[in-house]
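Below is one structure, written out as structure tokens, with a few remarks after it.
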Amino acid sequence: MGNRIYNFSAGPSMLPLEVLNRAAAEMTNYNGSGMSVMEMSHRSKVYDEIITGAEALLRRIMGIPDNYHVLFLQGGASTQFAMVPMNLLKTKADYVVTGSFAKKAWEEAKRYGDIRVAGSSQEEHFSRIPTQSELTLSDDADYLYLCSNNTIYGTAWGYIPETNAPIVADMSSNILSAPVDVTKYGLIFAGAQKNMAPAGLTVVIIREDLVSEPMSFTPTMLAYKTHVKGKSMYNTPPTYPIYIMKLVLEWLESIGGLEGMEKINLKKSAMLYDYLDSSSFYKAVAAKDSRSIMNVTFRTGDEELDAKFVKESVAAGFSNLKGHRETGGMRASIYNAVPVEGVEALVEFMAKFEKENG
Ligand SMILES: Cc1ncc(COP(=O)(O)O)c(C=O)c1O
């Protein structure tokens with residue numbers, strides 16, 4: 001661990017130490033090329049091995065079938081809020097509004113056509129995910145949009161909704177955290193800066209029949225077909241983040257792939273939720289059936305105590321435990337690279353704080 005601290009940032013967030021060390025070792029001379037990955041042409045043979053290797057690993061680890069394209073884009077997950085409707089919307093689409101990012105996506109999509117709200121938990125401060133029976137789905141929607149993990153509120157979908165429409169999922173904050181049945185989705189996208197890579201890379205996984213003619217005004221760069229045709233090389237892709245993602249995927253495979261990762265993530269999140277449920281001092285914010293295993297939100301119920309907690313946590317060597325400005329309280333983002341020991345140390349700190357202030 002050296003002089004590194006436990007960083008519970010919601011994103012960009014911790015990367016595995018093994019990955020950082022390997023990147024450091026390869027920094028100035030990648031694999032005998034005499035140059036850094038940052039300095040090489042994206043069309044060189046040596047870089048081609050990196051990008052094709054990264055895609056092959058992602059396909060293997062996530063079980064992505066051949067009838068899906070994998071795209072490595074820029075613009076962040078937020079650009080997908082526009083690209084999805086520009087490319088997939090023909091008549092109408094359903095959106096489930098479960099948090100700030102789903103709401104942003106819904107607001108963006110409304111600029112392009114007939115967008116319905118199929119469900120929302122806004123009146124309950126986004127503390128839970130609507131159940132299947134609470135969803136009002138259109139018969140003929142072009143797609144159903146959802147955000148699988150709500151980073152700010154600490155909630156996650158515990159089921160895949162039954163629908164005839166292709167499901168579009170923003171998986172920015174829980175991609176690669178557990179196995180996923182890709183065939184249940186029409187399109188998956190994720191900003192890479194939580195579980196995959198540094199910021200600057202957005203991964204899109206799209207079923208081939210959904211790659212069609214976009215709205216006529218769509219800029220070339222915002223058409224999926226451009227990037228499918230160009231194999232993510234229509235323009236310069238985010239070369240270094242793709243390389244780091246490849247190293248992250250190799251690390252993930254070494255610890256047992258998504259099954260192995262899920263076990264560790266369940267263990268880490270259970271440590272925190274079990275402690276929160278046993279305490280009368282702290283309260284977990286998300287409803288029990290909607291809890292995220294990536295972002296754990298909690299509070300004491302007293303804003304001054306919350307502020308004291310955050311201040312003392314920094315002095316104790318933890319970082320980024322302050323909740324999002326929209327929610328207040330605390331949030332521990334325990335993405336894949338946050339080690340079990342980091343969560344153990346956090347629970348110990350929480351218990352000490354409770355003892356001193358409870
Ligand atoms: C679930 C989710 N969607 C979208 C975004 C926006 O991502 P980006 O900053 O890459 O546009 C975030 C950022 O934290 C997020 O957590």
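Simple scheme: letters A, B, ... for chains in structure tokens order, numbers from 1 for residues in each chain, numbers from 1 for ligands in the order shown.
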Inset, instruction - Please provide the set of residues having any atom within 8 Å of segment 2-8 of chain A, restricted to only C-alpha atoms, with same-chain residues fewer than 5 positions apart removed, written as JSON, numbers by chain. - result: {"A": [13, 14, 317, 318, 319, 320, 321, 331, 332, 333, 334, 338, 342]}
Legend entry - Nearby polymer residues, ligand 1, at most 9 Å, only C-alpha atoms and all ligand atoms, as a PyMOL selection string: chain A and resi 10-12+74-81+99-102+104-105+147-152+170-174+189-194+199-202
Please write the residues from the selection above to a file, keeping C-alpha atoms, as a PDB file, in the first residue's frame.
```
ATOM      1  CA  ALA A  10     -17.344   8.353  -6.533  1.00  0.00           C
ATOM      2  CA  GLY A  11     -15.271   8.808  -9.660  1.00  0.00           C
ATOM      3  CA  PRO A  12     -12.653   9.109 -10.937  1.00  0.00           C
ATOM      4  CA  GLN A  74     -15.004   9.953 -25.777  1.00  0.00           C
ATOM      5  CA  GLY A  75     -17.396  12.563 -24.406  1.00  0.00           C
ATOM      6  CA  GLY A  76     -18.225  10.797 -21.150  1.00  0.00           C
ATOM      7  CA  ALA A  77     -21.424   9.044 -20.238  1.00  0.00           C
ATOM      8  CA  SER A  78     -23.174  12.413 -20.546  1.00  0.00           C
ATOM      9  CA  THR A  79     -22.689  12.454 -24.321  1.00  0.00           C
ATOM     10  CA  GLN A  80     -24.612   9.166 -24.438  1.00  0.00           C
ATOM     11  CA  PHE A  81     -27.609  11.003 -22.961  1.00  0.00           C
ATOM     12  CA  GLY A  99     -31.614   9.659  -9.756  1.00  0.00           C
ATOM     13  CA  SER A 100     -29.781  12.701 -11.058  1.00  0.00           C
ATOM     14  CA  PHE A 101     -28.084  11.029 -14.002  1.00  0.00           C
ATOM     15  CA  ALA A 102     -31.256   9.262 -15.156  1.00  0.00           C
ATOM     16  CA  LYS A 104     -30.353  14.351 -16.905  1.00  0.00           C
ATOM     17  CA  ALA A 105     -30.668  11.645 -19.574  1.00  0.00           C
ATOM     18  CA  CYS A 147     -29.552   3.784 -14.928  1.00  0.00           C
ATOM     19  CA  SER A 148     -28.475   0.495 -13.342  1.00  0.00           C
ATOM     20  CA  ASN A 149     -26.654   2.062 -10.391  1.00  0.00           C
ATOM     21  CA  ASN A 150     -27.411   5.517  -9.045  1.00  0.00           C
ATOM     22  CA  THR A 151     -24.045   6.841  -7.942  1.00  0.00           C
ATOM     23  CA  ILE A 152     -25.331   9.781  -5.926  1.00  0.00           C
ATOM     24  CA  ASP A 170     -26.264   3.513 -18.086  1.00  0.00           C
ATOM     25  CA  MET A 171     -23.889   1.213 -16.179  1.00  0.00           C
ATOM     26  CA  SER A 172     -21.260   3.881 -15.475  1.00  0.00           C
ATOM     27  CA  SER A 173     -21.031   3.115 -11.773  1.00  0.00           C
ATOM     28  CA  ASN A 174     -21.492  -0.663 -11.645  1.00  0.00           C
ATOM     29  CA  PHE A 189     -22.836   2.386 -21.870  1.00  0.00           C
ATOM     30  CA  ALA A 190     -20.427   3.466 -19.168  1.00  0.00           C
ATOM     31  CA  GLY A 191     -18.059   6.311 -18.455  1.00  0.00           C
ATOM     32  CA  ALA A 192     -14.896   4.357 -17.618  1.00  0.00           C
ATOM     33  CA  GLN A 193     -13.658   6.403 -14.674  1.00  0.00           C
ATOM     34  CA  LYS A 194     -15.022   4.207 -11.888  1.00  0.00           C
ATOM     35  CA  ALA A 199     -11.515   9.440 -17.249  1.00  0.00           C
ATOM     36  CA  GLY A 200     -11.668  10.074 -20.984  1.00  0.00           C
ATOM     37  CA  LEU A 201     -13.027   6.744 -22.211  1.00  0.00           C
ATOM     38  CA  THR A 202     -16.692   5.832 -22.657  1.00  0.00           C
TER      39      THR A 202
END
```
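When the distance limit is 10 Å and only C-alpha atoms are what count, the residues near Ala351 of chain A, minus those fewer than 5 positions from it on the same chain, are Tyr275, Leu276, Ser279, Phe281, Tyr282, Ala345, Leu346, Glu356, Asn357 and Gly358 of chain A.
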Inset, instruction - For segment 228-236 of chain A, please output as a list in words all residues within 9 Å (counting only C-alpha atoms; exclusion window: fewer than 2 positions along the same chain). - result: Ser41, His42, Arg43, His69, Val70, Leu71, Phe72, Leu73, Val211, Met221, Tyr224, Lys225, Thr226, Pro238 and Thr239 of chain A
Export, as a JSON list (two decimals), in the first residue's frame, the selected residues with C-alpha atoms.
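New file part-v3.json:
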```
[["chain", "number", "residue", "atom", "x", "y", "z"],
["A", 41, "SER", "CA", 0.16, 6.29, -33.19],
["A", 42, "HIS", "CA", -3.27, 4.79, -32.65],
["A", 43, "ARG", "CA", -2.83, 3.16, -36.06],
["A", 69, "HIS", "CA", -20.45, -4.08, -31.20],
["A", 70, "VAL", "CA", -18.05, -2.71, -28.60],
["A", 71, "LEU", "CA", -17.16, 0.95, -29.07],
["A", 72, "PHE", "CA", -14.46, 2.97, -27.31],
["A", 73, "LEU", "CA", -15.59, 6.59, -27.44],
["A", 211, "VAL", "CA", -27.15, 0.57, -35.25],
["A", 221, "MET", "CA", -19.18, 11.96, -34.47],
["A", 224, "TYR", "CA", -23.03, 5.01, -33.66],
["A", 225, "LYS", "CA", -22.68, 3.84, -37.24],
["A", 226, "THR", "CA", -19.62, 6.08, -37.69],
["A", 238, "PRO", "CA", -8.58, 7.78, -25.99],
["A", 239, "THR", "CA", -5.48, 5.65, -26.37]]
```
Inset, instruction - Using only C-alpha atoms, find the one residue out of A:Ala178, A:Met330, A:Ile51, A:Leu187 that sits nearest to Leu305 of chain A. - result: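 Counting only C-alpha atoms, the residue closest to Leu305 of chain A is A:Met330.
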Legend entry - Long-range neighbours of Met215 of chain A as a ChimeraX atom specification, 10 Å cut-off, only C-alpha atoms, 2 positions minimum in chain: /A:83,85-90,112,212-213,217-219,223
Inset, instruction - Could you tell me which of A:Ile188, A:Leu222, A:Val347, A:Ala307 comes closest to Met271 of chain A if we count only C-alpha atoms? - result: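 Smallest distance to Met271 of chain A is found for A:Val347.
Using only C-alpha atoms, the smallest distance between any of A:His125, A:Lys184, A:Arg116, A:Lys268 and Ala286 of chain A comes from A:His125.
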Legend entry - Counting only C-alpha atoms, the option among A:Arg299, A:His227, A:Lys45, A:Arg291 closest to Tyr159 of chain A: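 That would be A:Arg291, the residue with the smallest distance to Tyr159 of chain A.
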Legend entry - DSSP alpha helix (DSSP H) selection over segment 78-308 of chain A, as a ChimeraX atom specification: /A:78-88,100-109,224-229,239-254,257-278,303-308
Could the residues of segment 289-339 of chain A that have an atom at most 10 Å from segment 249-262 of chain A be listed as CSV, each with its closest atom pair and the distance in Å to one decimal, counting only C-alpha atoms and ordered by chain and ascending residue number?
```
residue,atom,partner,partner_atom,distance
A:Ile293,CA,A:Glu262,CA,9.1
A:Asn336,CA,A:Met261,CA,7.1
A:Ala337,CA,A:Leu252,CA,9.6
```
Output file for the residues above (N, CA and C atoms, as a PDB file, in the first residue's frame):
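Just written: selection23.pdb:
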```
ATOM      1  N   ILE A 293     -24.127  -2.038  -4.323  1.00  0.00           N
ATOM      2  CA  ILE A 293     -22.925  -2.617  -3.719  1.00  0.00           C
ATOM      3  C   ILE A 293     -21.693  -1.777  -4.077  1.00  0.00           C
ATOM      4  N   ASN A 336     -14.561  -1.623  -7.498  1.00  0.00           N
ATOM      5  CA  ASN A 336     -13.749  -2.845  -7.572  1.00  0.00           C
ATOM      6  C   ASN A 336     -12.360  -2.715  -6.942  1.00  0.00           C
ATOM      7  N   ALA A 337     -11.693  -1.564  -7.166  1.00  0.00           N
ATOM      8  CA  ALA A 337     -10.286  -1.468  -6.752  1.00  0.00           C
ATOM      9  C   ALA A 337     -10.114  -1.068  -5.287  1.00  0.00           C
TER      10      ALA A 337
END
```
Legend entry - Pairwise distance for atom CA of Ala93 of chain A and atom CA of Leu144 of chain A, rounded to one decimal in Å: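 Straight-line distance from atom CA of Ala93 of chain A to atom CA of Leu144 of chain A works out to 6.1 Å.
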Inset, instruction - Can you work out the spacing between atom CA of Tyr95 of chain A and atom CA of Leu146 of chain A in Å, to one decimal? - result: 6.3 Å
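Here atom CA of Ser278 of chain A is placed at a distance of 26.4 Å from atom CA of Thr131 of chain A.
Around Ser36 of chain A, within 12 Å and counting only C-alpha atoms, the residues found are Ala23, Ala24, Ala25, Glu26, Met27, Thr28, Asn29, Tyr30, Asn31, Gly32, Ser33, Gly34, Met38, Glu39, Met40, Ser41, Val46, Tyr47, Thr239, Tyr240 and Tyr243 of chain A, once anything fewer than 2 positions away on its own chain is removed.
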Legend entry - Of the listed residues A:Ile64, A:Ile129, A:Leu247, A:Val204, that which approaches Asp181 of chain A most closely, counting only C-alpha atoms: A:Ile64
